[in-house]
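Student: Before we start, here is the structure in question, set down as structure tokens.
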Amino acid sequence: MKMTGAEAVVRALELEGVDTIFGYPGGAVTHIYDALGRSSIHHVLVRNEQAAAHGANGYARATGKVGVCISTSGPGATNMITGIATAYMDSIPIVAITGQVPLSMVGRDVFQEADITGATEPFTKYSYLVRNPGDLPRIFKEAFHIASTGRPGPVLIDIPKDIAMATLDFKYPTEVNLRGYRPTYMGHPGQIKRMIRAIEESCRPLICVGGGAVSSDATEEIMELAERIKAPVASTLMGIGAFPGDHHLSLGFLGQHGVYAANRAVEEADLLILLGARMGDRATGKAEEFAQKAKVIHVDIDPAEIGKNIGPNIPIVGDIKTTLRELLQKDIERNDWGWLSRAREWKQVYEGLGDCHKGLNPMEIIKTLSDMVPENTILVTDVGQHQIWAGRYYKTRRPRAFLTSGGLGTMGYGLPAALGAKLGCRDKEVVLLIGDGGLQMNLAELATLVQEGAPVKIMILNNGYLGMVREIQEKIHGGRYYQTRMEGNPDFVKLADAYGIKGFRVENQEKIEWGIKKLLSWNGPIIGEFVIDPTANVIPIQGGKDDEAHIRGIG
Amino acid sequence: MMKHILGVLVENHPGVLSKVSGLFSRRGFNIYSLAVGMTEDPTVSRITIVVEGDSYIVEQVIKQLNKLIDVIKVSKIEEDSLTRELALIKVKAEPNTRHQIVELINIFRAQVVDINKNHLIVEITGDSEKITALVDMLKDYGIEEMVRTGAIAINRGKRMLKDERNKGGYDNGNNVL
Ligand SMILES: Cc1ncc(C[n+]2csc(CCOP(=O)(O)OP(=O)(O)O)c2C)c(N)n1
């Protein structure tokens, strides 16, 4: 069928099942916008292109589908970079479309030209500069395939304006043919056998899930494995939700900021089964000191992750779900409860909330939230102390229900990602937990929330500081607080009012439950500001004598 | 540090070379030399990369290269492979030294490809050591300008890069290619 490049873009999106796109228009994409306006796709008008990429990210993580965002050339495209890099570091499938100056002008530094494929090269799984209108169908087909298969990640398509205006004969390919890209899904049978033997020989097996376990949709398989071999399960920040946080085998969040039980189990385990966890520096602390007593099995779809941070004894390249399914066909069983009961004891170690005299106790707020939210809640966090508290004290019961910028640690992620999650899952409760710093980083997106009428429940933990950095200044810089006090903070309740959003403030401990109830019962966007003790810290305050070993510093 | 030679087959697209070279700088790998050119298949280019590093680094380089979607195949080229570099060397040659230089060049089986009153341009192919040896000798006469390619390398016998195990089919047992 004959159509313009712009129409081809929209047609391809429709054929890929895209129902929502996050973007911001400009001169280089007016033709694509014109075609979008005549399609069934819902466009979300963000207030800054960074938020378009975060929105697509939140949508993708909550739904499991590919998120899509679009911007104009030049500044629109460069604004999107932080969002693309955020998605890349967390392996989130998004397709980012950017306008470009006409092909004949490319390279001449014309108005609003930016080499965006070059600039995003380190943060994209793949990128295209479209040089032929006839290539558009193939490129879109490939882009969605690349973004969503193997180790997922962002793909960028840069479309010169004259390509969008040209005509082509549209025929959408049914398959892709990329000879350089064939991810391995099934683990090697010989390695699976070795894995089984290692499990049967182990006395203290520990499963550790990462973001790969979420994107592989492997929760059921992981639960079956853990139950059959009586192994407790710890999680990286990105793996939270891959295994239900309220399951009796769950130990929780491990690593530098993790909980006692999980870190203790890592130290004691004689077999560590890593499932889609790349074991970055925050998860291991010092890699040489990590899990010293354990043999390591590492299952990951990205061969480059295996052996990068942790040298495994049994490396298995494959998709977690596919590989575990194969493994679970075999009769594999362990019936030693001794190790489990020790691990359970560690769980009982009092996870102190510490005393907070100068305001509400943030940890108590998060625990209360965790107890009160409905089963189908998606918790989105921003970056900072509140994020770590959420990792430690909030029990995520399902996969795709804890969204956070783990890899890049991008402040400003939370608000647009929460909007994306809500638009992808309108039947679910979406709660955004955010600091007073992070909220202001993409504050303008409150308007997008209003424009969309999206009932996101915003919980500000206001400590009047860039808390995470303040804590570093307290611990490492002798309490010299510099440039971390947020003196110009607005009155968030009045601010909410200015946007036409319901707002309220909680300053009394007795009102915490009331405040959370109000957030959850309100039928629209709402901001609850919880004024917390600015001196509250994330460094674990744990029971037991050997806690020093678990306090690895936050610097 | 050990030098390793990698043969890399890539899609013949614009921008592929920058993806490959960008990866090296980004991940802090040291490239000793890089040479790229066409192959018997017009849709495929071949890059020969000489990297310096220990076995961990080389394994990382291979895995990260394999991750690039435009990379079709990566393989280590064996030590006994054929490797060649080419150099053009403009050397000072006065009438009284010209003969000595030409003699030297003959020993190296190099050629004089241009000559004028005061200069010779020498062309030499060979492995890295041979070229370096000639360069050292010619230094005494005064090298005015030199240009040298990166190494290209090919396995001897019937082993062919394109037949090496496909990217998707990792040998999970060893997990290195
Ligand atoms: C874009 C960006 N800039 C800077 C940082 C460094 N940083 C990490 S946490 C943090 C403080 C966050 O403060 P706030 O949002 O108030 O949350 P809190 O730590 O108080 O919970 C800062 C500045 C970052 N992660 N991202």
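So you can find residues: chains in the structure tokens are A, B, ... in the order shown, residues in each start at 1, and ligands are numbered from 1 in order.
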Could you pull the residues within 8 Å of Phe290 of chain A, counting only C-alpha atoms, minus those fewer than 5 positions along the same chain, as a CSV table (one decimal) with N, CA, C and O atoms, in the first residue's frame?
Tutor:
```csv
chain,number,residue,atom,x,y,z
A,266,VAL,N,23.9,-14.9,52.1
A,266,VAL,CA,25.0,-14.9,51.1
A,266,VAL,C,26.3,-15.3,51.6
A,266,VAL,O,27.1,-16.1,51.0
A,267,GLU,N,26.6,-14.9,52.8
A,267,GLU,CA,27.9,-15.2,53.5
A,267,GLU,C,28.0,-16.7,53.8
A,267,GLU,O,29.0,-17.3,53.7
A,284,THR,N,27.1,-6.6,45.4
A,284,THR,CA,28.1,-7.5,46.0
A,284,THR,C,29.0,-6.8,47.1
A,284,THR,O,29.6,-7.5,47.9
A,285,GLY,N,29.0,-5.5,47.1
A,285,GLY,CA,30.1,-4.8,47.8
A,285,GLY,C,31.4,-5.2,47.2
A,285,GLY,O,31.5,-5.2,46.0
```
Student: Show me which residues line ligand 1, defined as having an atom within 8 Å of a ligand atom where only C-alpha atoms and all ligand atoms count, and present them as a short mmCIF file (atom, residue, chain, number, x, y, z; two decimals) with N, CA and C atoms, in the first residue's frame.
Tutor:
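Output (part_8.cif):
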```cif
data_model
loop_
_atom_site.label_atom_id
_atom_site.label_comp_id
_atom_site.auth_asym_id
_atom_site.auth_seq_id
_atom_site.Cartn_x
_atom_site.Cartn_y
_atom_site.Cartn_z
N ASP A 382 11.51 6.89 43.48
CA ASP A 382 12.52 7.72 42.84
C ASP A 382 13.87 7.24 43.37
N VAL A 383 14.84 8.10 43.42
CA VAL A 383 16.17 7.68 43.85
C VAL A 383 16.59 8.44 45.09
N GLY A 384 17.10 7.72 46.06
CA GLY A 384 17.54 8.35 47.29
C GLY A 384 17.31 7.44 48.47
N GLN A 385 17.27 8.03 49.66
CA GLN A 385 17.06 7.23 50.86
C GLN A 385 15.74 6.49 50.82
N HIS A 386 14.70 7.20 50.36
CA HIS A 386 13.37 6.57 50.37
C HIS A 386 13.36 5.31 49.51
N GLN A 387 14.17 5.31 48.46
CA GLN A 387 14.25 4.16 47.55
C GLN A 387 14.82 2.94 48.28
N LEU A 408 21.11 3.19 36.72
CA LEU A 408 21.63 4.55 36.55
C LEU A 408 21.34 5.40 37.78
N GLY A 409 20.31 5.02 38.53
CA GLY A 409 19.95 5.78 39.72
C GLY A 409 19.56 7.20 39.36
N THR A 410 18.57 7.31 38.48
CA THR A 410 18.20 8.60 37.93
C THR A 410 17.13 9.29 38.78
N MET A 411 17.51 10.33 39.51
CA MET A 411 16.49 11.14 40.18
C MET A 411 15.59 11.75 39.11
N GLY A 412 14.32 11.83 39.42
CA GLY A 412 13.37 12.35 38.44
C GLY A 412 12.68 11.24 37.67
N ILE A 434 8.46 9.17 46.80
CA ILE A 434 9.46 10.08 46.22
C ILE A 434 9.95 11.09 47.25
N GLY A 435 11.20 11.54 47.07
CA GLY A 435 11.75 12.56 47.96
C GLY A 435 11.39 13.95 47.49
N ASP A 436 11.60 14.92 48.36
CA ASP A 436 11.28 16.30 47.96
C ASP A 436 12.26 16.77 46.88
N GLY A 437 13.47 16.18 46.85
CA GLY A 437 14.42 16.53 45.79
C GLY A 437 13.99 15.96 44.45
N GLY A 438 13.75 14.68 44.43
CA GLY A 438 13.42 13.99 43.18
C GLY A 438 12.13 14.47 42.55
N LEU A 439 11.15 14.82 43.40
CA LEU A 439 9.88 15.29 42.84
C LEU A 439 10.11 16.56 42.03
N GLN A 440 11.02 17.40 42.55
CA GLN A 440 11.23 18.67 41.86
C GLN A 440 12.05 18.51 40.59
N MET A 441 12.70 17.37 40.45
CA MET A 441 13.52 17.21 39.26
C MET A 441 12.69 17.07 37.98
N LEU A 461 8.14 11.82 50.81
CA LEU A 461 8.80 11.76 52.10
C LEU A 461 9.69 13.00 52.14
N ASN A 462 9.17 14.02 52.81
CA ASN A 462 9.87 15.30 52.78
C ASN A 462 10.79 15.44 54.00
N ASN A 463 12.10 15.40 53.71
CA ASN A 463 13.06 15.64 54.79
C ASN A 463 13.77 16.97 54.61
N GLY A 464 13.36 17.72 53.59
CA GLY A 464 13.96 19.04 53.37
C GLY A 464 15.42 18.98 52.95
N TYR A 465 15.87 17.79 52.61
CA TYR A 465 17.27 17.60 52.20
C TYR A 465 17.34 16.68 50.99
N LEU A 466 18.46 16.73 50.30
CA LEU A 466 18.84 15.65 49.40
C LEU A 466 19.40 14.58 50.33
N GLY A 467 18.49 13.79 50.85
CA GLY A 467 18.77 12.96 52.02
C GLY A 467 19.96 12.02 51.85
N MET A 468 20.00 11.37 50.72
CA MET A 468 21.05 10.39 50.49
C MET A 468 22.43 11.04 50.54
N VAL A 469 22.52 12.23 49.97
CA VAL A 469 23.81 12.91 49.95
C VAL A 469 24.09 13.50 51.34
N ARG A 470 23.04 14.00 51.98
CA ARG A 470 23.20 14.50 53.34
C ARG A 470 23.78 13.42 54.25
N THR A 484 22.95 20.54 50.30
CA THR A 484 21.99 19.43 50.34
C THR A 484 20.68 19.85 51.01
#
```
Student: So that I can check the secondary structure, give me every residue of chain B assigned strand (DSSP E) by backbone DSSP, as a compact mmCIF listing (two decimals) with N, CA and C atoms, in the first residue's frame.
Tutor:
```
# COMPACT_ATOMS: atom_id res chain seq x y z
N LYS B 3 49.46 -9.80 23.34
CA LYS B 3 48.65 -9.30 22.22
C LYS B 3 47.83 -10.46 21.68
N HIS B 4 46.58 -10.15 21.33
CA HIS B 4 45.72 -11.16 20.76
C HIS B 4 45.11 -10.60 19.48
N ILE B 5 44.95 -11.47 18.50
CA ILE B 5 44.35 -11.02 17.23
C ILE B 5 42.93 -11.57 17.13
N LEU B 6 41.99 -10.67 16.85
CA LEU B 6 40.61 -11.09 16.67
C LEU B 6 40.17 -10.83 15.24
N GLY B 7 39.51 -11.81 14.66
CA GLY B 7 38.87 -11.62 13.36
C GLY B 7 37.40 -11.36 13.61
N VAL B 8 36.86 -10.30 13.03
CA VAL B 8 35.47 -9.93 13.29
C VAL B 8 34.75 -9.72 11.96
N LEU B 9 33.70 -10.49 11.73
CA LEU B 9 32.87 -10.26 10.54
C LEU B 9 31.70 -9.38 10.94
N VAL B 10 31.49 -8.30 10.20
CA VAL B 10 30.42 -7.36 10.54
C VAL B 10 29.57 -7.05 9.31
N GLU B 11 28.36 -6.59 9.57
CA GLU B 11 27.51 -6.10 8.48
C GLU B 11 28.21 -4.92 7.83
N ASN B 30 42.26 -1.79 25.37
CA ASN B 30 43.30 -1.17 24.55
C ASN B 30 43.39 -1.81 23.18
N ILE B 31 43.17 -1.01 22.15
CA ILE B 31 43.37 -1.52 20.79
C ILE B 31 44.80 -1.23 20.41
N TYR B 32 45.49 -2.23 19.94
CA TYR B 32 46.83 -2.02 19.44
C TYR B 32 46.75 -1.60 17.97
N SER B 33 45.96 -2.32 17.19
CA SER B 33 45.69 -1.86 15.83
C SER B 33 44.35 -2.39 15.36
N LEU B 34 43.82 -1.76 14.34
CA LEU B 34 42.53 -2.14 13.79
C LEU B 34 42.58 -1.94 12.28
N ALA B 35 42.16 -2.93 11.54
CA ALA B 35 42.13 -2.79 10.09
C ALA B 35 40.80 -3.32 9.58
N VAL B 36 40.22 -2.61 8.64
CA VAL B 36 38.91 -3.02 8.15
C VAL B 36 38.91 -3.00 6.63
N GLY B 37 38.16 -3.92 6.05
CA GLY B 37 38.06 -3.95 4.59
C GLY B 37 36.98 -4.90 4.15
N MET B 38 36.80 -4.97 2.83
CA MET B 38 35.76 -5.81 2.26
C MET B 38 36.15 -7.28 2.33
N VAL B 44 29.37 -8.10 3.74
CA VAL B 44 30.12 -8.35 4.98
C VAL B 44 31.49 -7.68 4.91
N SER B 45 31.85 -6.98 5.99
CA SER B 45 33.21 -6.46 6.11
C SER B 45 33.95 -7.27 7.16
N ARG B 46 35.25 -7.21 7.07
CA ARG B 46 36.03 -7.95 8.06
C ARG B 46 36.97 -6.99 8.77
N ILE B 47 36.95 -7.05 10.08
CA ILE B 47 37.83 -6.20 10.88
C ILE B 47 38.83 -7.10 11.57
N THR B 48 40.08 -6.72 11.49
CA THR B 48 41.09 -7.43 12.27
C THR B 48 41.51 -6.50 13.40
N ILE B 49 41.37 -6.98 14.61
CA ILE B 49 41.71 -6.13 15.77
C ILE B 49 42.83 -6.81 16.55
N VAL B 50 43.85 -6.05 16.86
CA VAL B 50 44.87 -6.57 17.76
C VAL B 50 44.65 -5.88 19.10
N VAL B 51 44.38 -6.69 20.13
CA VAL B 51 44.13 -6.13 21.45
C VAL B 51 45.22 -6.57 22.41
N GLU B 52 45.42 -5.73 23.40
CA GLU B 52 46.35 -6.08 24.45
C GLU B 52 45.55 -6.38 25.70
N VAL B 71 27.58 -7.24 14.54
CA VAL B 71 28.69 -8.20 14.50
C VAL B 71 28.14 -9.59 14.22
N ILE B 72 28.66 -10.19 13.14
CA ILE B 72 28.15 -11.50 12.75
C ILE B 72 28.96 -12.60 13.40
N LYS B 73 30.24 -12.41 13.50
CA LYS B 73 31.08 -13.44 14.08
C LYS B 73 32.37 -12.83 14.64
N VAL B 74 32.80 -13.39 15.75
CA VAL B 74 34.07 -12.96 16.32
C VAL B 74 34.88 -14.20 16.61
N SER B 75 36.12 -14.19 16.25
CA SER B 75 36.93 -15.35 16.59
C SER B 75 38.36 -14.94 16.85
N LYS B 76 38.99 -15.67 17.76
CA LYS B 76 40.42 -15.43 17.99
C LYS B 76 41.20 -16.08 16.85
N LEU B 82 48.46 -16.46 9.41
CA LEU B 82 49.21 -15.53 8.56
C LEU B 82 48.80 -14.12 8.95
N THR B 83 49.76 -13.30 9.34
CA THR B 83 49.41 -11.90 9.61
C THR B 83 50.29 -11.01 8.77
N ARG B 84 49.73 -9.94 8.29
CA ARG B 84 50.47 -9.01 7.45
C ARG B 84 50.14 -7.57 7.80
N GLU B 85 51.16 -6.74 7.76
CA GLU B 85 50.96 -5.31 7.81
C GLU B 85 51.66 -4.72 6.59
N LEU B 86 51.30 -3.50 6.26
CA LEU B 86 51.94 -2.81 5.15
C LEU B 86 52.44 -1.47 5.67
N ALA B 87 53.65 -1.09 5.24
CA ALA B 87 54.15 0.23 5.63
C ALA B 87 54.76 0.92 4.43
N LEU B 88 54.58 2.23 4.35
CA LEU B 88 55.26 3.07 3.36
C LEU B 88 56.16 4.00 4.14
N ILE B 89 57.44 3.97 3.80
CA ILE B 89 58.41 4.73 4.59
C ILE B 89 59.19 5.67 3.67
N LYS B 90 59.14 6.95 3.97
CA LYS B 90 59.91 7.92 3.18
C LYS B 90 61.21 8.17 3.93
N VAL B 91 62.30 7.75 3.30
CA VAL B 91 63.57 7.81 4.00
C VAL B 91 64.52 8.74 3.25
N LYS B 92 65.34 9.46 3.97
CA LYS B 92 66.34 10.35 3.37
C LYS B 92 67.37 9.51 2.63
N GLN B 111 60.38 -3.04 -1.24
CA GLN B 111 60.58 -2.46 -2.57
C GLN B 111 60.70 -0.95 -2.49
N VAL B 112 61.44 -0.42 -3.46
CA VAL B 112 61.44 1.02 -3.62
C VAL B 112 60.31 1.37 -4.57
N VAL B 113 59.39 2.21 -4.14
CA VAL B 113 58.25 2.52 -5.01
C VAL B 113 58.29 3.95 -5.54
N ASP B 114 59.20 4.77 -5.00
CA ASP B 114 59.32 6.14 -5.50
C ASP B 114 60.72 6.64 -5.16
N ILE B 115 61.21 7.48 -6.03
CA ILE B 115 62.58 7.95 -5.79
C ILE B 115 62.72 9.36 -6.32
N HIS B 119 65.23 11.47 -1.62
CA HIS B 119 64.38 10.54 -0.87
C HIS B 119 64.14 9.25 -1.62
N LEU B 120 63.83 8.24 -0.82
CA LEU B 120 63.26 7.00 -1.37
C LEU B 120 61.96 6.74 -0.62
N ILE B 121 60.97 6.17 -1.31
CA ILE B 121 59.83 5.65 -0.56
C ILE B 121 59.88 4.13 -0.65
N VAL B 122 59.86 3.52 0.52
CA VAL B 122 59.98 2.08 0.60
C VAL B 122 58.63 1.49 0.96
N GLU B 123 58.28 0.40 0.28
CA GLU B 123 57.06 -0.31 0.63
C GLU B 123 57.45 -1.67 1.19
N ILE B 124 56.88 -2.00 2.34
CA ILE B 124 57.18 -3.31 2.90
C ILE B 124 55.91 -3.95 3.45
N THR B 125 55.77 -5.24 3.20
CA THR B 125 54.70 -5.99 3.87
C THR B 125 55.34 -7.08 4.70
N GLY B 126 54.60 -7.46 5.73
CA GLY B 126 55.12 -8.53 6.57
C GLY B 126 54.47 -8.48 7.93
N ILE B 143 64.24 8.82 8.82
CA ILE B 143 62.89 8.60 8.29
C ILE B 143 62.14 9.93 8.36
N GLU B 144 61.68 10.40 7.21
CA GLU B 144 61.00 11.70 7.15
C GLU B 144 59.50 11.56 7.42
N GLU B 145 58.97 10.44 6.99
CA GLU B 145 57.53 10.23 7.13
C GLU B 145 57.25 8.74 7.00
N MET B 146 56.26 8.29 7.77
CA MET B 146 55.96 6.87 7.68
C MET B 146 54.47 6.65 7.86
N VAL B 147 53.91 5.71 7.13
CA VAL B 147 52.52 5.34 7.34
C VAL B 147 52.45 3.82 7.36
N ARG B 148 51.65 3.33 8.30
CA ARG B 148 51.66 1.89 8.55
C ARG B 148 50.22 1.43 8.80
N ILE B 152 46.36 -7.40 9.33
CA ILE B 152 45.26 -8.25 8.91
C ILE B 152 45.74 -9.69 9.10
N ALA B 153 44.80 -10.57 9.37
CA ALA B 153 45.22 -11.93 9.70
C ALA B 153 44.21 -12.94 9.19
N ILE B 154 44.70 -14.10 8.83
CA ILE B 154 43.83 -15.16 8.31
C ILE B 154 44.40 -16.49 8.81
```
Student: At a cut-off of 9 Å, can you tabulate as JSON lines every residue of chain A near chain B together with its closest atom pair and the distance in Å to one decimal, using only C-alpha atoms and ordering rows by chain then number?
Tutor:
```
{"residue": "A:Gly118", "atom": "CA", "partner": "B:Ser18", "partner_atom": "CA", "distance": 8.6}
{"residue": "A:Glu121", "atom": "CA", "partner": "B:Lys19", "partner_atom": "CA", "distance": 7.2}
{"residue": "A:Pro122", "atom": "CA", "partner": "B:Arg26", "partner_atom": "CA", "distance": 7.6}
{"residue": "A:Lys125", "atom": "CA", "partner": "B:Leu68", "partner_atom": "CA", "distance": 7.9}
{"residue": "A:Tyr126", "atom": "CA", "partner": "B:Ile69", "partner_atom": "CA", "distance": 7.1}
{"residue": "A:Ile146", "atom": "CA", "partner": "B:Ile69", "partner_atom": "CA", "distance": 8.8}
{"residue": "A:Leu178", "atom": "CA", "partner": "B:Ile69", "partner_atom": "CA", "distance": 7.8}
{"residue": "A:Arg179", "atom": "CA", "partner": "B:Ile72", "partner_atom": "CA", "distance": 6.1}
{"residue": "A:Gly180", "atom": "CA", "partner": "B:Ile72", "partner_atom": "CA", "distance": 4.1}
{"residue": "A:Tyr181", "atom": "CA", "partner": "B:Ile69", "partner_atom": "CA", "distance": 5.4}
{"residue": "A:Arg182", "atom": "CA", "partner": "B:Gly168", "partner_atom": "CA", "distance": 5.0}
{"residue": "A:Pro183", "atom": "CA", "partner": "B:Gly168", "partner_atom": "CA", "distance": 5.7}
{"residue": "A:Thr184", "atom": "CA", "partner": "B:Gly168", "partner_atom": "CA", "distance": 5.6}
{"residue": "A:Gly187", "atom": "CA", "partner": "B:Asn172", "partner_atom": "CA", "distance": 7.6}
{"residue": "A:His188", "atom": "CA", "partner": "B:Asn172", "partner_atom": "CA", "distance": 5.8}
{"residue": "A:Gly190", "atom": "CA", "partner": "B:Gly173", "partner_atom": "CA", "distance": 7.3}
{"residue": "A:Gln191", "atom": "CA", "partner": "B:Gly173", "partner_atom": "CA", "distance": 6.3}
{"residue": "A:Asp302", "atom": "CA", "partner": "B:Lys67", "partner_atom": "CA", "distance": 8.1}
{"residue": "A:Pro303", "atom": "CA", "partner": "B:Lys63", "partner_atom": "CA", "distance": 6.7}
{"residue": "A:Ala304", "atom": "CA", "partner": "B:Lys63", "partner_atom": "CA", "distance": 5.0}
{"residue": "A:Glu305", "atom": "CA", "partner": "B:Lys63", "partner_atom": "CA", "distance": 8.7}
{"residue": "A:Ile306", "atom": "CA", "partner": "B:Asn175", "partner_atom": "CA", "distance": 8.2}
{"residue": "A:Gly307", "atom": "CA", "partner": "B:Gln60", "partner_atom": "CA", "distance": 8.6}
{"residue": "A:Lys308", "atom": "CA", "partner": "B:Gln60", "partner_atom": "CA", "distance": 7.3}
{"residue": "A:Ile314", "atom": "CA", "partner": "B:Gly173", "partner_atom": "CA", "distance": 7.9}
{"residue": "A:Pro315", "atom": "CA", "partner": "B:Asn172", "partner_atom": "CA", "distance": 6.7}
{"residue": "A:Ile316", "atom": "CA", "partner": "B:Asn172", "partner_atom": "CA", "distance": 5.8}
{"residue": "A:Val317", "atom": "CA", "partner": "B:Asn172", "partner_atom": "CA", "distance": 6.2}
```
Student: I need the chosen residues saved as a compact mmCIF listing (two decimals), in the first residue's frame, with C-alpha atoms.
Tutor:
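Below is the file part-v3.txt, written as the result:
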```
# COMPACT_ATOMS: atom_id res chain seq x y z
CA GLY A 118 26.07 8.87 17.89
CA GLU A 121 25.46 4.83 21.10
CA PRO A 122 26.65 3.77 24.58
CA LYS A 125 20.92 -1.79 22.37
CA TYR A 126 20.75 -0.71 18.75
CA ILE A 146 15.56 -6.29 19.28
CA LEU A 178 19.40 -10.58 11.74
CA ARG A 179 22.33 -12.89 11.34
CA GLY A 180 24.27 -11.13 14.07
CA TYR A 181 21.49 -11.41 16.65
CA ARG A 182 20.23 -14.76 17.83
CA PRO A 183 19.86 -14.82 21.59
CA THR A 184 20.18 -18.21 23.28
CA GLY A 187 20.37 -23.40 28.62
CA HIS A 188 22.86 -26.04 27.57
CA GLY A 190 24.97 -30.53 29.91
CA GLN A 191 25.12 -27.44 32.10
CA ASP A 302 23.41 -12.17 28.16
CA PRO A 303 26.67 -14.12 27.86
CA ALA A 304 28.62 -10.93 28.47
CA GLU A 305 27.25 -10.73 32.03
CA ILE A 306 28.51 -14.16 32.93
CA GLY A 307 31.97 -13.89 34.41
CA LYS A 308 31.95 -10.07 34.23
CA ILE A 314 28.60 -23.27 36.36
CA PRO A 315 27.77 -20.66 33.73
CA ILE A 316 24.52 -21.12 31.85
CA VAL A 317 23.60 -18.86 28.96
```
Student: Contacts of Ala35 of chain A at 12 Å or less, counting only C-alpha atoms, minus same-chain residues fewer than 3 places along, as JSON, numbers by chain?
Tutor: {"A": [3, 4, 5, 6, 7, 8, 9, 10, 11, 12, 13, 14, 29, 30, 31, 32, 38, 39, 40, 41, 43, 164, 165]}
Student: Give me the residues within 10 Å of segment 326-328 of chain A as an mmCIF file with N, CA and C atoms, in the first residue's frame, counting only C-alpha atoms and dropping any in the same chain fewer than 2 places off.
Tutor:
```
data_model
loop_
_atom_site.group_PDB
_atom_site.id
_atom_site.type_symbol
_atom_site.label_atom_id
_atom_site.label_comp_id
_atom_site.auth_asym_id
_atom_site.auth_seq_id
_atom_site.Cartn_x
_atom_site.Cartn_y
_atom_site.Cartn_z
ATOM 1 N N MET A 186 17.519 -21.446 25.432
ATOM 2 C CA MET A 186 17.568 -22.688 26.206
ATOM 3 C C MET A 186 18.969 -22.919 26.731
ATOM 4 N N GLY A 187 19.072 -23.095 28.024
ATOM 5 C CA GLY A 187 20.368 -23.396 28.618
ATOM 6 C C GLY A 187 20.912 -24.709 28.083
ATOM 7 N N PRO A 189 22.009 -28.343 27.835
ATOM 8 C CA PRO A 189 21.551 -29.488 28.636
ATOM 9 C C PRO A 189 22.646 -30.029 29.566
ATOM 10 N N ILE A 192 22.776 -27.830 32.517
ATOM 11 C CA ILE A 192 21.615 -28.024 33.397
ATOM 12 C C ILE A 192 21.852 -29.258 34.279
ATOM 13 N N LYS A 193 22.412 -30.306 33.693
ATOM 14 C CA LYS A 193 22.750 -31.510 34.477
ATOM 15 C C LYS A 193 23.727 -31.168 35.600
ATOM 16 N N MET A 195 24.103 -28.344 36.951
ATOM 17 C CA MET A 195 23.372 -27.519 37.920
ATOM 18 C C MET A 195 22.605 -28.410 38.892
ATOM 19 N N ILE A 196 21.942 -29.432 38.354
ATOM 20 C CA ILE A 196 21.159 -30.335 39.211
ATOM 21 C C ILE A 196 22.082 -31.031 40.215
ATOM 22 N N GLU A 221 8.261 -20.406 38.030
ATOM 23 C CA GLU A 221 9.326 -21.406 37.974
ATOM 24 C C GLU A 221 10.279 -21.245 39.157
ATOM 25 N N ILE A 222 10.575 -19.997 39.492
ATOM 26 C CA ILE A 222 11.495 -19.765 40.603
ATOM 27 C C ILE A 222 10.867 -20.250 41.918
ATOM 28 N N GLU A 224 8.685 -22.636 42.241
ATOM 29 C CA GLU A 224 8.687 -24.102 42.260
ATOM 30 C C GLU A 224 10.088 -24.629 42.616
ATOM 31 N N LEU A 225 11.093 -24.020 42.009
ATOM 32 C CA LEU A 225 12.471 -24.450 42.291
ATOM 33 C C LEU A 225 12.793 -24.262 43.775
ATOM 34 N N ARG A 228 10.943 -26.761 45.906
ATOM 35 C CA ARG A 228 11.396 -28.151 45.760
ATOM 36 C C ARG A 228 12.766 -28.384 46.371
ATOM 37 N N ILE A 320 15.821 -17.411 31.768
ATOM 38 C CA ILE A 320 15.575 -18.017 33.081
ATOM 39 C C ILE A 320 14.367 -18.960 33.015
ATOM 40 N N LYS A 321 13.273 -18.449 32.465
ATOM 41 C CA LYS A 321 12.043 -19.245 32.455
ATOM 42 C C LYS A 321 12.238 -20.535 31.665
ATOM 43 N N THR A 322 12.740 -20.402 30.438
ATOM 44 C CA THR A 322 12.915 -21.566 29.571
ATOM 45 C C THR A 322 13.849 -22.587 30.218
ATOM 46 N N THR A 323 14.930 -22.081 30.772
ATOM 47 C CA THR A 323 15.941 -22.973 31.345
ATOM 48 C C THR A 323 15.422 -23.654 32.618
ATOM 49 N N LEU A 324 14.730 -22.891 33.463
ATOM 50 C CA LEU A 324 14.208 -23.490 34.693
ATOM 51 C C LEU A 324 13.116 -24.515 34.383
ATOM 52 N N LYS A 330 13.125 -32.478 35.358
ATOM 53 C CA LYS A 330 13.920 -33.541 35.975
ATOM 54 C C LYS A 330 13.462 -33.707 37.426
ATOM 55 N N ASP A 331 13.690 -34.928 37.968
ATOM 56 C CA ASP A 331 13.249 -34.989 39.354
ATOM 57 C C ASP A 331 14.360 -34.490 40.267
ATOM 58 N N ILE A 332 14.161 -33.290 40.668
ATOM 59 C CA ILE A 332 15.153 -32.649 41.514
ATOM 60 C C ILE A 332 14.465 -32.259 42.806
ATOM 61 N N GLU A 333 15.089 -32.598 43.888
ATOM 62 C CA GLU A 333 14.444 -32.455 45.186
ATOM 63 C C GLU A 333 15.543 -32.348 46.241
#
```
Student: Hey, what's within 8 Å of Leu419 of chain A if we count only C-alpha atoms and toss same-chain stuff fewer than 6 positions away? As a list in words, please?
Tutor: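 Result of the neighbour search: Gly55, Gly58, Tyr59, Leu449, Ala454 and Val456 of chain A.
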